[in-house]
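Only one structure is covered here, and it is reproduced in the block below.
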Amino acid sequence: DAKTTQPNSMESNEEEPVHLPCNHSTISGTDYIHWYRQLPSQGPEYVIHGLTSNVNNRMASLAIAEDRKSSTLILHRATLRDAAVYYCILRAGYSNSGYALNFGKGTSLLVTP
Amino acid sequence: DAGVIQSPRHEVTEMGQEVTLRCKPISGHDYLFWYRQTMMRGLELLIYFNNNVPIDDSGMPEDRFSAKMPNASFSTLKIQPSEPRDSAVYFCASSPPGQGAGNTIYFGEGSWLTVV
């Protein structure tokens, strides 16, 4: 599986935008870019995903580089509830693996008031 | 929908005892996943099922672990005998059919297991 590289931790002030980077230089043409987050003492939850184009939903935006070797998760206004570990994961578009998620270490986001 | 339901939420057991973790996936989902999370190893995929059939169990640590899915609405993960190093949070997750790698996977709240 293609791997992703994320910073171990980041810090943001409340109500400011947060840009969480992810490098995936070995991404293949059929890999989807997924972001999940895990709040303390909870299971992971879906945030957003994309293939080639930038994506927006009620939680966040996903900006994908033109060469797809990197992407950025954007939280437009961080709240204290956004403090979590954010995982950037590639999922193979064609696979016999059932499209299971392979989690790395993720980025631990600290949001301060 | 109630989401993925796991039980028990917390369990403390003695080494050597059998532990059974249970999972009810979201209705209509045809993929079911079992993950384990520890501080040292992070989130690891143990096994997953498609239409109640185990597809990949390469993540199951050893023969002490077994998982079953007798029907579309129930799965179990059993550890026998349990050891202290099995202490972890075990997550069950499910995913709907269609859309392949674009699908969302929904996780339960986890079963927190402590083996003393």
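Each chain in the structure tokens gets a letter, A, B and so on, in the order shown; residues start at 1 in every chain, and ligands are counted from 1 in the order they appear.
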
Closest atom pairs, chain B residues within 7 Å of chain A, only C-alpha atoms, as a Markdown table:
| residue | atom | partner | partner_atom | distance |
| --- | --- | --- | --- | --- |
| B:Gly42 | CA | A:Lys105 | CA | 6.7 |
| B:Leu43 | CA | A:Phe103 | CA | 6.0 |
| B:Phe91 | CA | A:Gly43 | CA | 6.9 |
| B:Gly100 | CA | A:Tyr99 | CA | 6.7 |
| B:Ala101 | CA | A:Gly93 | CA | 5.1 |
| B:Gly102 | CA | A:Tyr32 | CA | 6.6 |
| B:Thr104 | CA | A:Tyr46 | CA | 6.6 |
| B:Tyr106 | CA | A:Glu45 | CA | 6.7 |
| B:Phe107 | CA | A:Gly43 | CA | 5.6 |
| B:Gly108 | CA | A:Gly43 | CA | 5.9 |
| B:Glu109 | CA | A:Gly43 | CA | 4.9 |
| B:Gly110 | CA | A:Gly43 | CA | 6.3 |

Per-residue DSSP, segment 38-103 of chain A, filtered to strand (DSSP E), as a ChimeraX atom specification: /A:38,45-50,55-56,61-64,70-75,84-91

Output file for the residues above (N, CA and C atoms, as a short mmCIF file (atom, residue, chain, number, x, y, z; two decimals), in the first residue's frame):
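Dumped everything to part.cif:
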data_model
loop_
_atom_site.label_atom_id
_atom_site.label_comp_id
_atom_site.auth_asym_id
_atom_site.auth_seq_id
_atom_site.Cartn_x
_atom_site.Cartn_y
_atom_site.Cartn_z
N GLN A 38 -9.90 10.93 15.10
CA GLN A 38 -10.27 10.19 16.30
C GLN A 38 -10.22 11.12 17.50
N GLU A 45 -13.65 8.59 13.09
CA GLU A 45 -14.81 9.02 12.33
C GLU A 45 -14.36 9.64 11.01
N TYR A 46 -15.18 9.42 10.00
CA TYR A 46 -14.91 9.93 8.66
C TYR A 46 -14.95 11.45 8.65
N VAL A 47 -14.00 12.04 7.92
CA VAL A 47 -14.01 13.50 7.75
C VAL A 47 -14.33 13.86 6.30
N ILE A 48 -13.53 13.35 5.38
CA ILE A 48 -13.69 13.73 3.98
C ILE A 48 -12.83 12.81 3.13
N HIS A 49 -13.14 12.72 1.85
CA HIS A 49 -12.26 12.00 0.94
C HIS A 49 -12.36 12.59 -0.45
N GLY A 50 -11.34 12.30 -1.26
CA GLY A 50 -11.34 12.78 -2.63
C GLY A 50 -10.43 11.93 -3.50
N VAL A 55 -12.43 18.99 -2.53
CA VAL A 55 -13.73 18.59 -2.00
C VAL A 55 -14.07 19.44 -0.79
N ASN A 56 -15.35 19.73 -0.65
CA ASN A 56 -15.82 20.45 0.52
C ASN A 56 -17.00 19.71 1.12
N SER A 61 -12.55 20.97 4.29
CA SER A 61 -12.23 20.98 2.86
C SER A 61 -10.98 20.15 2.65
N LEU A 62 -10.90 19.56 1.48
CA LEU A 62 -9.72 18.78 1.10
C LEU A 62 -9.15 19.38 -0.17
N ALA A 63 -7.90 19.83 -0.06
CA ALA A 63 -7.21 20.38 -1.21
C ALA A 63 -6.18 19.36 -1.68
N ILE A 64 -6.28 18.96 -2.93
CA ILE A 64 -5.39 17.93 -3.48
C ILE A 64 -4.48 18.58 -4.50
N SER A 70 0.46 15.20 -2.74
CA SER A 70 0.21 15.74 -1.41
C SER A 70 -1.22 16.26 -1.35
N SER A 71 -1.70 16.41 -0.12
CA SER A 71 -3.04 16.96 0.08
C SER A 71 -3.05 17.70 1.41
N THR A 72 -4.07 18.53 1.58
CA THR A 72 -4.19 19.31 2.81
C THR A 72 -5.63 19.29 3.28
N LEU A 73 -5.80 18.91 4.52
CA LEU A 73 -7.12 18.99 5.14
C LEU A 73 -7.25 20.37 5.77
N ILE A 74 -8.33 21.05 5.47
CA ILE A 74 -8.53 22.40 5.97
C ILE A 74 -9.75 22.43 6.87
N LEU A 75 -9.51 22.82 8.11
CA LEU A 75 -10.61 23.11 9.03
C LEU A 75 -10.75 24.62 9.05
N ALA A 84 -8.05 16.39 18.08
CA ALA A 84 -8.16 14.96 17.78
C ALA A 84 -6.90 14.54 17.04
N VAL A 85 -6.80 13.25 16.78
CA VAL A 85 -5.75 12.74 15.89
C VAL A 85 -6.36 12.61 14.51
N TYR A 86 -5.71 13.21 13.53
CA TYR A 86 -6.21 13.21 12.16
C TYR A 86 -5.34 12.27 11.31
N TYR A 87 -6.01 11.36 10.64
CA TYR A 87 -5.33 10.35 9.84
C TYR A 87 -5.59 10.60 8.35
N CYS A 88 -4.52 10.63 7.60
CA CYS A 88 -4.59 10.70 6.14
C CYS A 88 -4.31 9.30 5.62
N ILE A 89 -5.22 8.74 4.85
CA ILE A 89 -5.12 7.32 4.45
C ILE A 89 -5.42 7.20 2.97
N LEU A 90 -4.62 6.39 2.30
CA LEU A 90 -4.88 6.08 0.90
C LEU A 90 -5.62 4.75 0.81
N ARG A 91 -6.63 4.72 -0.01
CA ARG A 91 -7.38 3.48 -0.24
C ARG A 91 -7.33 3.15 -1.72
#

Segment 49-116 of chain B: residues DSSP assigns to helix (DSSP H, G or I), reported as a list in words: Pro84, Arg85, Asp86, Gly100, Ala101 and Gly102 of chain B

With all heavy atoms retained, could you export that selection as a PDB file, in the first residue's frame?
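And here's result25.pdb as it stands now:
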ATOM      1  N   PRO B  84      -2.118 -10.650  29.197  1.00  0.00           N
ATOM      2  CA  PRO B  84      -2.034  -9.205  29.486  1.00  0.00           C
ATOM      3  C   PRO B  84      -1.715  -8.373  28.249  1.00  0.00           C
ATOM      4  O   PRO B  84      -2.212  -7.248  28.114  1.00  0.00           O
ATOM      5  CB  PRO B  84      -0.918  -9.127  30.529  1.00  0.00           C
ATOM      6  CG  PRO B  84      -1.018 -10.428  31.261  1.00  0.00           C
ATOM      7  CD  PRO B  84      -1.376 -11.438  30.193  1.00  0.00           C
ATOM      8  N   ARG B  85      -0.933  -8.913  27.319  1.00  0.00           N
ATOM      9  CA  ARG B  85      -0.579  -8.138  26.126  1.00  0.00           C
ATOM     10  C   ARG B  85      -1.755  -7.966  25.163  1.00  0.00           C
ATOM     11  O   ARG B  85      -1.640  -7.237  24.169  1.00  0.00           O
ATOM     12  CB  ARG B  85       0.588  -8.796  25.382  1.00  0.00           C
ATOM     13  CG  ARG B  85       0.317 -10.213  24.904  1.00  0.00           C
ATOM     14  CD  ARG B  85       1.607 -10.857  24.427  1.00  0.00           C
ATOM     15  NE  ARG B  85       1.455 -12.296  24.232  1.00  0.00           N
ATOM     16  CZ  ARG B  85       1.691 -12.904  23.081  1.00  0.00           C
ATOM     17  NH1 ARG B  85       2.077 -12.203  22.032  1.00  0.00           N
ATOM     18  NH2 ARG B  85       1.548 -14.214  22.974  1.00  0.00           N
ATOM     19  N   ASP B  86      -2.865  -8.609  25.444  1.00  0.00           N
ATOM     20  CA  ASP B  86      -4.071  -8.406  24.645  1.00  0.00           C
ATOM     21  C   ASP B  86      -4.841  -7.168  25.085  1.00  0.00           C
ATOM     22  O   ASP B  86      -5.832  -6.799  24.436  1.00  0.00           O
ATOM     23  CB  ASP B  86      -4.989  -9.628  24.750  1.00  0.00           C
ATOM     24  CG  ASP B  86      -4.314 -10.901  24.277  1.00  0.00           C
ATOM     25  OD1 ASP B  86      -3.447 -10.824  23.381  1.00  0.00           O
ATOM     26  OD2 ASP B  86      -4.648 -11.978  24.817  1.00  0.00           O
ATOM     27  N   GLY B 100     -16.797   1.088  -3.674  1.00  0.00           N
ATOM     28  CA  GLY B 100     -15.451   0.624  -3.420  1.00  0.00           C
ATOM     29  C   GLY B 100     -14.637   1.484  -2.474  1.00  0.00           C
ATOM     30  O   GLY B 100     -15.034   1.751  -1.342  1.00  0.00           O
ATOM     31  N   ALA B 101     -13.496   1.939  -2.963  1.00  0.00           N
ATOM     32  CA  ALA B 101     -12.581   2.687  -2.107  1.00  0.00           C
ATOM     33  C   ALA B 101     -13.101   4.078  -1.772  1.00  0.00           C
ATOM     34  O   ALA B 101     -12.502   4.783  -0.966  1.00  0.00           O
ATOM     35  CB  ALA B 101     -11.216   2.805  -2.793  1.00  0.00           C
ATOM     36  N   GLY B 102     -14.194   4.498  -2.364  1.00  0.00           N
ATOM     37  CA  GLY B 102     -14.798   5.772  -2.011  1.00  0.00           C
ATOM     38  C   GLY B 102     -15.778   5.669  -0.862  1.00  0.00           C
ATOM     39  O   GLY B 102     -16.327   6.669  -0.413  1.00  0.00           O
TER      40      GLY B 102
END

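Our summary of the geometry notes that atom CA of Ser82 of chain B is positioned 22.6 Å from atom CA of Lys24 of chain B.
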